[in-house]
Amino acid sequence: MGCDICQHQVIADARITTDGDISAAIHCSLSMYMAFSWAIYSLVIKKVSSRYSATFITRKVFFYGILTVIPLFFLKPWSFPLERLVQPVVWMNLLFLSIVASFLCFLWWSVAVKKIGAISTSNYVYLNPITTIIASAIFLHEPMTLMAYIGSALILLGVFIANLKVKEKGVETGKSE
């Protein structure tokens with residue numbers, strides 16, 4: 001579903017950018033590549049999760065991720081001033097990003113894929129906008145608008161229907177193609 005939406009967006013952007021500006025089309029093409037990569041990643045995680053623990057898989061993903069990023073430093077060396085690393089706000093943000101926003105999220109994703117399957121887990125990604133709306137209401141004191149309620153209800157309905165279809169078809173358990 002996500003790839004379908006992105007394909008339509010690429011076509012729409014290609015029509016909009018007929019004046020020669022191709023940056024939007026490149027952006028959407030990269031988005032399609034990212035969605036495809038995430039789908040492949042989820043399917044690979046599902047396959048290897050029967051043999052390895054979620055922690056082991058996450059460690060390996062991070063290790064190979066770091067290996068693939070290192071060559072970029074030769075193309076564009078790090079220009080961040082090291083004296084900023086001693087500022088508590090900087091290292092607290094780095095700790096949060098590395099431990100919570102990266103490691104724990106990938107770990108939980110691997111556990112979820114192993115327990116409920118790649119397709120069902122991917123369906124739950126659509127809940128992100130709802131958590132964003134709730135967090136913005138709690139932490140930023142943004143008002144809950146009628147559109148936020150309607151959008152949240154539609155997202156919940158969509159996730160519910162998508163997961164029903166997965167269970168009916170038995171795709172996650174391998175009962176049918």
# chains A, B, ... in the order shown; residues from 1 in each chain; ligands from 1

$ select_by_dssp --residues "chain A" --states "helix (DSSP H, G or I)" --output "JSON, numbers by chain"
{"A": [2, 3, 4, 5, 6, 7, 8, 9, 10, 11, 12, 13, 14, 15, 16, 23, 24, 25, 26, 27, 28, 29, 30, 31, 32, 33, 34, 35, 36, 37, 38, 39, 40, 41, 42, 43, 44, 45, 46, 47, 48, 54, 55, 56, 57, 58, 59, 60, 61, 62, 63, 64, 65, 66, 67, 68, 69, 70, 71, 72, 73, 74, 75, 82, 83, 84, 85, 86, 88, 89, 90, 91, 92, 93, 94, 95, 96, 97, 98, 99, 100, 101, 102, 103, 104, 105, 106, 107, 108, 109, 110, 111, 112, 113, 114, 115, 116, 118, 119, 120, 121, 122, 123, 124, 125, 126, 127, 128, 129, 130, 131, 132, 133, 134, 135, 136, 137, 138, 139, 146, 147, 148, 149, 150, 151, 152, 153, 154, 155, 156, 157, 158, 159, 160, 161, 162, 163, 164, 165, 166, 167, 168, 169]}

$ atom_distance --atom1 "CA of Tyr149 in chain A" --atom2 "CA of Lys165 in chain A"
24.4 Å

$ residues_around --residues "range 117-134 of chain A" --least-positions-apart "6" --cutoff "9 Å" --atoms "only C-alpha atoms" --output "MDAnalysis selection string"
chainID A and resid 39 42:43 45:46 109 142 144 148 151:152 155:156 158:160 162:163 166:167 171:173

$ write_last_selection --atoms "N, CA, C and O atoms" --output "PDB file, in the first residue's frame"
ATOM      1  N   ALA A  39      10.709  -2.984   3.314  1.00  0.00           N
ATOM      2  CA  ALA A  39       9.964  -4.227   3.104  1.00  0.00           C
ATOM      3  C   ALA A  39      10.922  -5.411   3.042  1.00  0.00           C
ATOM      4  O   ALA A  39      10.678  -6.452   3.683  1.00  0.00           O
ATOM      5  N   SER A  42      12.266  -6.111   6.513  1.00  0.00           N
ATOM      6  CA  SER A  42      11.278  -6.796   7.354  1.00  0.00           C
ATOM      7  C   SER A  42      11.171  -8.276   6.999  1.00  0.00           C
ATOM      8  O   SER A  42      11.056  -9.128   7.882  1.00  0.00           O
ATOM      9  N   LEU A  43      11.197  -8.590   5.723  1.00  0.00           N
ATOM     10  CA  LEU A  43      11.114  -9.993   5.302  1.00  0.00           C
ATOM     11  C   LEU A  43      12.369 -10.768   5.696  1.00  0.00           C
ATOM     12  O   LEU A  43      12.277 -11.921   6.125  1.00  0.00           O
ATOM     13  N   ILE A  45      14.311 -10.028   8.253  1.00  0.00           N
ATOM     14  CA  ILE A  45      14.233 -10.162   9.722  1.00  0.00           C
ATOM     15  C   ILE A  45      13.315 -11.314  10.089  1.00  0.00           C
ATOM     16  O   ILE A  45      13.606 -12.102  10.991  1.00  0.00           O
ATOM     17  N   LYS A  46      12.186 -11.426   9.391  1.00  0.00           N
ATOM     18  CA  LYS A  46      11.252 -12.532   9.655  1.00  0.00           C
ATOM     19  C   LYS A  46      11.945 -13.872   9.440  1.00  0.00           C
ATOM     20  O   LYS A  46      11.799 -14.797  10.226  1.00  0.00           O
ATOM     21  N   TRP A 109      11.161  -3.845  16.844  1.00  0.00           N
ATOM     22  CA  TRP A 109      10.677  -4.210  15.508  1.00  0.00           C
ATOM     23  C   TRP A 109      10.985  -5.683  15.234  1.00  0.00           C
ATOM     24  O   TRP A 109      10.127  -6.426  14.763  1.00  0.00           O
ATOM     25  N   GLU A 142      -1.010  21.162  21.872  1.00  0.00           N
ATOM     26  CA  GLU A 142      -1.738  21.464  20.650  1.00  0.00           C
ATOM     27  C   GLU A 142      -3.167  20.939  20.785  1.00  0.00           C
ATOM     28  O   GLU A 142      -3.385  19.885  21.376  1.00  0.00           O
ATOM     29  N   MET A 144      -6.672  19.121  20.020  1.00  0.00           N
ATOM     30  CA  MET A 144      -7.146  17.974  19.247  1.00  0.00           C
ATOM     31  C   MET A 144      -8.306  18.471  18.393  1.00  0.00           C
ATOM     32  O   MET A 144      -9.379  18.785  18.910  1.00  0.00           O
ATOM     33  N   ALA A 148      -8.212  15.723  13.401  1.00  0.00           N
ATOM     34  CA  ALA A 148      -7.299  14.802  14.071  1.00  0.00           C
ATOM     35  C   ALA A 148      -8.055  13.571  14.559  1.00  0.00           C
ATOM     36  O   ALA A 148      -7.576  12.440  14.432  1.00  0.00           O
ATOM     37  N   GLY A 151      -9.143  11.601  11.352  1.00  0.00           N
ATOM     38  CA  GLY A 151      -7.966  10.939  10.782  1.00  0.00           C
ATOM     39  C   GLY A 151      -7.514   9.759  11.626  1.00  0.00           C
ATOM     40  O   GLY A 151      -7.194   8.688  11.100  1.00  0.00           O
ATOM     41  N   SER A 152      -7.501   9.936  12.936  1.00  0.00           N
ATOM     42  CA  SER A 152      -7.103   8.850  13.837  1.00  0.00           C
ATOM     43  C   SER A 152      -8.062   7.675  13.734  1.00  0.00           C
ATOM     44  O   SER A 152      -7.640   6.513  13.702  1.00  0.00           O
ATOM     45  N   ILE A 155      -7.392   5.852  10.493  1.00  0.00           N
ATOM     46  CA  ILE A 155      -6.159   5.068  10.581  1.00  0.00           C
ATOM     47  C   ILE A 155      -6.413   3.786  11.366  1.00  0.00           C
ATOM     48  O   ILE A 155      -6.012   2.689  10.938  1.00  0.00           O
ATOM     49  N   LEU A 156      -7.087   3.910  12.510  1.00  0.00           N
ATOM     50  CA  LEU A 156      -7.387   2.725  13.319  1.00  0.00           C
ATOM     51  C   LEU A 156      -8.234   1.725  12.537  1.00  0.00           C
ATOM     52  O   LEU A 156      -7.987   0.511  12.581  1.00  0.00           O
ATOM     53  N   GLY A 158      -8.370   1.432   9.251  1.00  0.00           N
ATOM     54  CA  GLY A 158      -7.527   0.857   8.206  1.00  0.00           C
ATOM     55  C   GLY A 158      -6.599  -0.224   8.728  1.00  0.00           C
ATOM     56  O   GLY A 158      -6.452  -1.283   8.109  1.00  0.00           O
ATOM     57  N   VAL A 159      -5.964   0.012   9.867  1.00  0.00           N
ATOM     58  CA  VAL A 159      -5.069  -0.987  10.462  1.00  0.00           C
ATOM     59  C   VAL A 159      -5.869  -2.225  10.857  1.00  0.00           C
ATOM     60  O   VAL A 159      -5.436  -3.362  10.626  1.00  0.00           O
ATOM     61  N   PHE A 160      -7.055  -2.023  11.416  1.00  0.00           N
ATOM     62  CA  PHE A 160      -7.910  -3.147  11.812  1.00  0.00           C
ATOM     63  C   PHE A 160      -8.283  -3.988  10.590  1.00  0.00           C
ATOM     64  O   PHE A 160      -8.141  -5.213  10.596  1.00  0.00           O
ATOM     65  N   ALA A 162      -6.807  -4.093   7.613  1.00  0.00           N
ATOM     66  CA  ALA A 162      -5.613  -4.703   7.022  1.00  0.00           C
ATOM     67  C   ALA A 162      -5.194  -5.950   7.785  1.00  0.00           C
ATOM     68  O   ALA A 162      -4.825  -6.968   7.186  1.00  0.00           O
ATOM     69  N   ASN A 163      -5.240  -5.888   9.117  1.00  0.00           N
ATOM     70  CA  ASN A 163      -4.855  -7.050   9.908  1.00  0.00           C
ATOM     71  C   ASN A 163      -5.887  -8.163   9.817  1.00  0.00           C
ATOM     72  O   ASN A 163      -5.538  -9.338   9.910  1.00  0.00           O
ATOM     73  N   VAL A 166      -5.045  -9.990   6.650  1.00  0.00           N
ATOM     74  CA  VAL A 166      -3.860 -10.825   6.819  1.00  0.00           C
ATOM     75  C   VAL A 166      -4.240 -12.125   7.511  1.00  0.00           C
ATOM     76  O   VAL A 166      -3.827 -13.210   7.101  1.00  0.00           O
ATOM     77  N   LYS A 167      -5.066 -12.033   8.545  1.00  0.00           N
ATOM     78  CA  LYS A 167      -5.477 -13.238   9.274  1.00  0.00           C
ATOM     79  C   LYS A 167      -6.354 -14.137   8.410  1.00  0.00           C
ATOM     80  O   LYS A 167      -6.237 -15.348   8.441  1.00  0.00           O
ATOM     81  N   VAL A 171      -1.545 -15.297   5.435  1.00  0.00           N
ATOM     82  CA  VAL A 171      -0.268 -14.955   4.802  1.00  0.00           C
ATOM     83  C   VAL A 171       0.880 -15.080   5.806  1.00  0.00           C
ATOM     84  O   VAL A 171       1.922 -15.647   5.508  1.00  0.00           O
ATOM     85  N   GLU A 172       0.699 -14.597   7.015  1.00  0.00           N
ATOM     86  CA  GLU A 172       1.775 -14.585   8.003  1.00  0.00           C
ATOM     87  C   GLU A 172       2.164 -15.996   8.438  1.00  0.00           C
ATOM     88  O   GLU A 172       3.295 -16.256   8.760  1.00  0.00           O
ATOM     89  N   THR A 173       1.184 -16.879   8.464  1.00  0.00           N
ATOM     90  CA  THR A 173       1.483 -18.225   8.923  1.00  0.00           C
ATOM     91  C   THR A 173       1.886 -19.142   7.789  1.00  0.00           C
ATOM     92  O   THR A 173       2.237 -20.289   8.006  1.00  0.00           O
TER      93      THR A 173
END

$ atom_distance --atom1 "CA of Val48 in chain A" --atom2 "CA of Leu30 in chain A"
26.4 Å

$ closest_residue --among "A:Tyr41, A:Thr145, A:Ile26, A:Ala35" --to "Thr58 in chain A" --atoms "only C-alpha atoms"
A:Tyr41

$ closest_residue --among "A:Lys169, A:Lys60, A:Lys115, A:Lys47" --to "Phe103 in chain A" --atoms "only C-alpha atoms"
A:Lys60

$ closest_residue --among "A:Met34, A:Leu97, A:Val111, A:Val90" --to "Ile57 in chain A" --atoms "only C-alpha atoms"
A:Val111
